[in-house]
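*Asks:* Could you have a look at this structure, given as structure tokens, before my questions?
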Amino acid sequence: MTDPAWCAEQFERQRPQLRAVAYRMLGSFADADDAVQEAWLRLSRADGTAINNLAGWLTTVVGRVCVDLLRARRARREDLPGTWLPDPVIIETDSPDPEQHVLLADSVGLALLVVLDSLQPAERLAFVLHDMFGVPFDDIAPVLERTPAATRQLASRARRRVQGSGTRPDPDLPTQRRVAEAFLAAARDGDFAALVGLLDPNVRLRVDTGPRAWLAPRLLTGAGDVAGHAAAQGPRFAGLWEPALVNGAAGMIARGRAGLIAVVGLTVVNGRIREIDLILDADRLAAVDVNR
């Protein structure tokens, strides 16, 4: 593996997969692209003759870079107010391109990414690489400077958090869409009772407004409070919404003259909405591509 042209070609073949790993680790496309670029820089400086499995080597390098970025981000975010939500993957058709398919595999919804963001960086890496990409613990352990057994325990701890979070949506997309459409119709009509019937009793509404101050709540919990907010605001704004796939699940987007102004990701579990993630950060939405 000493030919630079061959090396670059192989790296480009791996890029979608590497970006998918980094997105699951970081929840940010800008940070994910930085991590992938750093992997390329390290590959260009590495002794190619010592790399037997290029795909595995690149995956573990991206994982190591992501852990460093997560640790730095945690230190920064302690000083930032408000709610942070991951970057959304938005599709208006049922046929995303191959790279979108990689990103959306395993139903990596916004709510699941929020749960992953609550994990310690080492837990997240062990879970993402092993459970989502099938990387053996023996290969993950050196990245974390742990034994394979300790790495397995990290992944197990993360798995319990994910499984207990209730963020895995119903697999039937048509059912998700019917629930989303019914929610939008009830919000448009200001129908509090209908909204309560569509919401899980313990539903959570998270709102990411970015650095700007909004009147919107940062977090609401419980069907009554969420339905009350939707019934009050729905008649004014529901006409702006249109259906879309948000991270592989039923969701909605709203557009203004300049482009996206809001994105909603819904997590439908047992026919009811359990999680609502609303992104209003104008700066981040300006950078979001909508795959048509």
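All residue names refer to the structure tokens as shown: chains lettered A, B, ... in order, residues numbered from 1 in each chain, ligands numbered from 1 in order.
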Which residues, written as a ChimeraX atom specification, have at least one atom at most 12 Å from A:Leu26, with only C-alpha atoms counted and residues fewer than 6 positions away on the same chain left out?

*Replies:* /A:19-20,32-36,62-74,84-87,110,113-119,121,124-125,128

*Asks:* Could you give me, as a PyMOL selection string, each residue of stretch 15-58 of chain A that DSSP assigns to helix (DSSP H, G or I) when run on this structure's backbone?

*Replies:* chain A and resi 15-26+29-45+48-50+54-58

*Asks:* Can you pull out every residue within 7 Å of stretch 227-235 of chain A, counting only C-alpha atoms, but drop anything in the same chain fewer than 5 positions away, and send it as a short mmCIF file (atom, residue, chain, number, x, y, z; two decimals) with C-alpha atoms, in the first residue's frame?

*Replies:*
data_model
loop_
_atom_site.label_atom_id
_atom_site.label_comp_id
_atom_site.auth_asym_id
_atom_site.auth_seq_id
_atom_site.Cartn_x
_atom_site.Cartn_y
_atom_site.Cartn_z
CA ALA A 187 -51.99 20.98 16.01
CA ARG A 188 -53.41 22.93 13.07
CA ASP A 189 -56.89 22.70 14.63
CA GLY A 190 -55.67 23.41 18.16
CA ASP A 191 -57.32 20.14 19.23
CA PHE A 192 -55.88 19.50 22.70
CA LEU A 195 -53.02 15.81 20.63
CA VAL A 196 -53.00 14.14 24.05
#

*Asks:* Find the residues around A:Asp170 up to 8 Å (only C-alpha atoms counted), leave out those fewer than 4 positions away in its own chain, and share them as a VMD selection string.

*Replies:* chain A and resid 175 to 176 267 to 271

*Asks:* Please write the residues from the selection above to a file, keeping C-alpha atoms, as a compact mmCIF listing (two decimals), in the first residue's frame.

*Replies:*
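This went into part.txt:
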# COMPACT_ATOMS: atom_id res chain seq x y z
CA THR A 175 -47.61 3.99 10.69
CA GLN A 176 -45.11 6.63 11.76
CA THR A 267 -39.97 9.15 17.60
CA VAL A 268 -43.13 7.04 17.36
CA VAL A 269 -43.22 4.07 19.74
CA ASN A 270 -46.26 1.79 20.00
CA GLY A 271 -48.28 4.15 17.86

*Asks:* Extract, using only C-alpha atoms, all DNA, RNA and protein residues at most 9 Å from A:Val226, discarding same-chain residues fewer than 6 positions from it, and format them as a ChimeraX atom specification.

*Replies:* /A:195-196,199,203-205,220

*Asks:* Within 10 Å of stretch 42-57 of chain A, which residues of stretch 126-227 of chain A show up? Give each one with its shortest atom-to-atom distance in Å (one decimal) and the two atoms involved, counting only C-alpha atoms, rows by chain then rising residue number, as CSV.

*Replies:*
residue,atom,partner,partner_atom,distance
A:Val135,CA,A:Gly56,CA,7.9
A:Pro136,CA,A:Gly56,CA,9.9
A:Asp139,CA,A:Gly56,CA,8.3
A:Ile140,CA,A:Gly56,CA,10.0

*Asks:* Find the spatial neighbours of A:Ala258, counting only C-alpha atoms, within a cut-off of 9 Å - ignore same-chain residues fewer than 3 positions away - and output them as an mmCIF file with C-alpha atoms, in the first residue's frame.

*Replies:*
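Now in around-v5.cif:
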data_model
loop_
_atom_site.group_PDB
_atom_site.id
_atom_site.type_symbol
_atom_site.label_atom_id
_atom_site.label_comp_id
_atom_site.auth_asym_id
_atom_site.auth_seq_id
_atom_site.Cartn_x
_atom_site.Cartn_y
_atom_site.Cartn_z
ATOM 1 C CA ARG A 255 -39.355 26.537 4.955
ATOM 2 C CA ILE A 261 -36.458 27.568 9.272
ATOM 3 C CA ALA A 286 -28.642 27.131 6.772
#

*Asks:* May I have the residues within 9 Å of A:Val246 as a PyMOL selection string, using only C-alpha atoms and disregarding those fewer than 4 positions away in the same chain?

*Replies:* chain A and resi 88-92+109-110+250-253+263-266

*Asks:* So which residues of stretch 110-270 of chain A fall under strand (DSSP E) by DSSP, listed as JSON, numbers by chain?

*Replies:* {"A": [199, 200, 201, 202, 203, 204, 205, 206, 207, 208, 219, 220, 221, 241, 242, 243, 244, 245, 246, 249, 250, 251, 252, 253, 254, 255, 256, 259, 260, 261, 262, 263, 264, 265, 266, 267, 268, 269]}

*Asks:* Restricted to C-alpha atoms, what would the selected residues look like written as a PDB file, in the first residue's frame?

*Replies:*
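Printed below is part-v4.pdb as written:
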ATOM      1  CA  LEU A 199     -48.683  11.514  22.630  1.00  0.00           C
ATOM      2  CA  ASP A 200     -47.011   9.080  24.980  1.00  0.00           C
ATOM      3  CA  PRO A 201     -47.825  10.088  28.589  1.00  0.00           C
ATOM      4  CA  ASN A 202     -44.091  10.691  29.186  1.00  0.00           C
ATOM      5  CA  VAL A 203     -43.385  12.431  25.886  1.00  0.00           C
ATOM      6  CA  ARG A 204     -40.451  14.856  25.773  1.00  0.00           C
ATOM      7  CA  LEU A 205     -40.207  17.953  23.585  1.00  0.00           C
ATOM      8  CA  ARG A 206     -36.655  19.261  23.174  1.00  0.00           C
ATOM      9  CA  VAL A 207     -35.996  22.549  21.401  1.00  0.00           C
ATOM     10  CA  ASP A 208     -32.600  23.664  20.069  1.00  0.00           C
ATOM     11  CA  LEU A 219     -37.743  21.276  27.274  1.00  0.00           C
ATOM     12  CA  LEU A 220     -41.299  20.140  27.963  1.00  0.00           C
ATOM     13  CA  THR A 221     -42.274  16.758  29.395  1.00  0.00           C
ATOM     14  CA  TRP A 241     -44.929  22.326   7.942  1.00  0.00           C
ATOM     15  CA  GLU A 242     -44.499  19.601   5.329  1.00  0.00           C
ATOM     16  CA  PRO A 243     -43.663  15.921   5.830  1.00  0.00           C
ATOM     17  CA  ALA A 244     -40.125  14.606   5.421  1.00  0.00           C
ATOM     18  CA  LEU A 245     -37.897  11.774   6.551  1.00  0.00           C
ATOM     19  CA  VAL A 246     -35.747  13.036   9.410  1.00  0.00           C
ATOM     20  CA  ALA A 249     -38.110   8.367  10.641  1.00  0.00           C
ATOM     21  CA  ALA A 250     -41.268  10.383  10.034  1.00  0.00           C
ATOM     22  CA  GLY A 251     -40.734  14.059  10.681  1.00  0.00           C
ATOM     23  CA  MET A 252     -41.479  17.520   9.369  1.00  0.00           C
ATOM     24  CA  ILE A 253     -39.683  20.541   7.971  1.00  0.00           C
ATOM     25  CA  ALA A 254     -40.711  24.184   7.589  1.00  0.00           C
ATOM     26  CA  ARG A 255     -39.355  26.537   4.955  1.00  0.00           C
ATOM     27  CA  GLY A 256     -39.152  30.279   4.613  1.00  0.00           C
ATOM     28  CA  GLY A 259     -34.655  28.085   3.144  1.00  0.00           C
ATOM     29  CA  LEU A 260     -35.184  25.840   6.152  1.00  0.00           C
ATOM     30  CA  ILE A 261     -36.458  27.568   9.272  1.00  0.00           C
ATOM     31  CA  ALA A 262     -37.295  24.523  11.402  1.00  0.00           C
ATOM     32  CA  VAL A 263     -36.930  20.739  11.524  1.00  0.00           C
ATOM     33  CA  VAL A 264     -38.888  18.312  13.685  1.00  0.00           C
ATOM     34  CA  GLY A 265     -37.839  14.745  14.319  1.00  0.00           C
ATOM     35  CA  LEU A 266     -40.480  12.441  15.791  1.00  0.00           C
ATOM     36  CA  THR A 267     -39.970   9.145  17.597  1.00  0.00           C
ATOM     37  CA  VAL A 268     -43.130   7.040  17.355  1.00  0.00           C
ATOM     38  CA  VAL A 269     -43.221   4.068  19.736  1.00  0.00           C
TER      39      VAL A 269
END

*Asks:* Could you check how far atom CA of A:Arg152 sits from atom CA of A:Gly164, in Å to one decimal?

*Replies:*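 Atom CA of A:Arg152 sits 18.3 Å away from atom CA of A:Gly164.
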
*Asks:* From the set A:Pro211, A:Phe29, A:Arg24, A:Glu145, which residue has the shortest atom-to-atom contact distance to A:Val288, counting only C-alpha atoms?

*Replies:* A:Phe29

*Asks:* Considering only C-alpha atoms, can you say which of A:Leu144, A:Ala22, A:Ala30, A:Ala8 comes closest to A:Arg284?

*Replies:*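 Using only C-alpha atoms, A:Arg284 sits closest to A:Ala30.
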
*Asks:* Using only C-alpha atoms, find the one residue out of A:Asp289, A:Leu184, A:Leu129, A:Val21 that sits nearest to A:Phe237.

*Replies:* A:Leu184
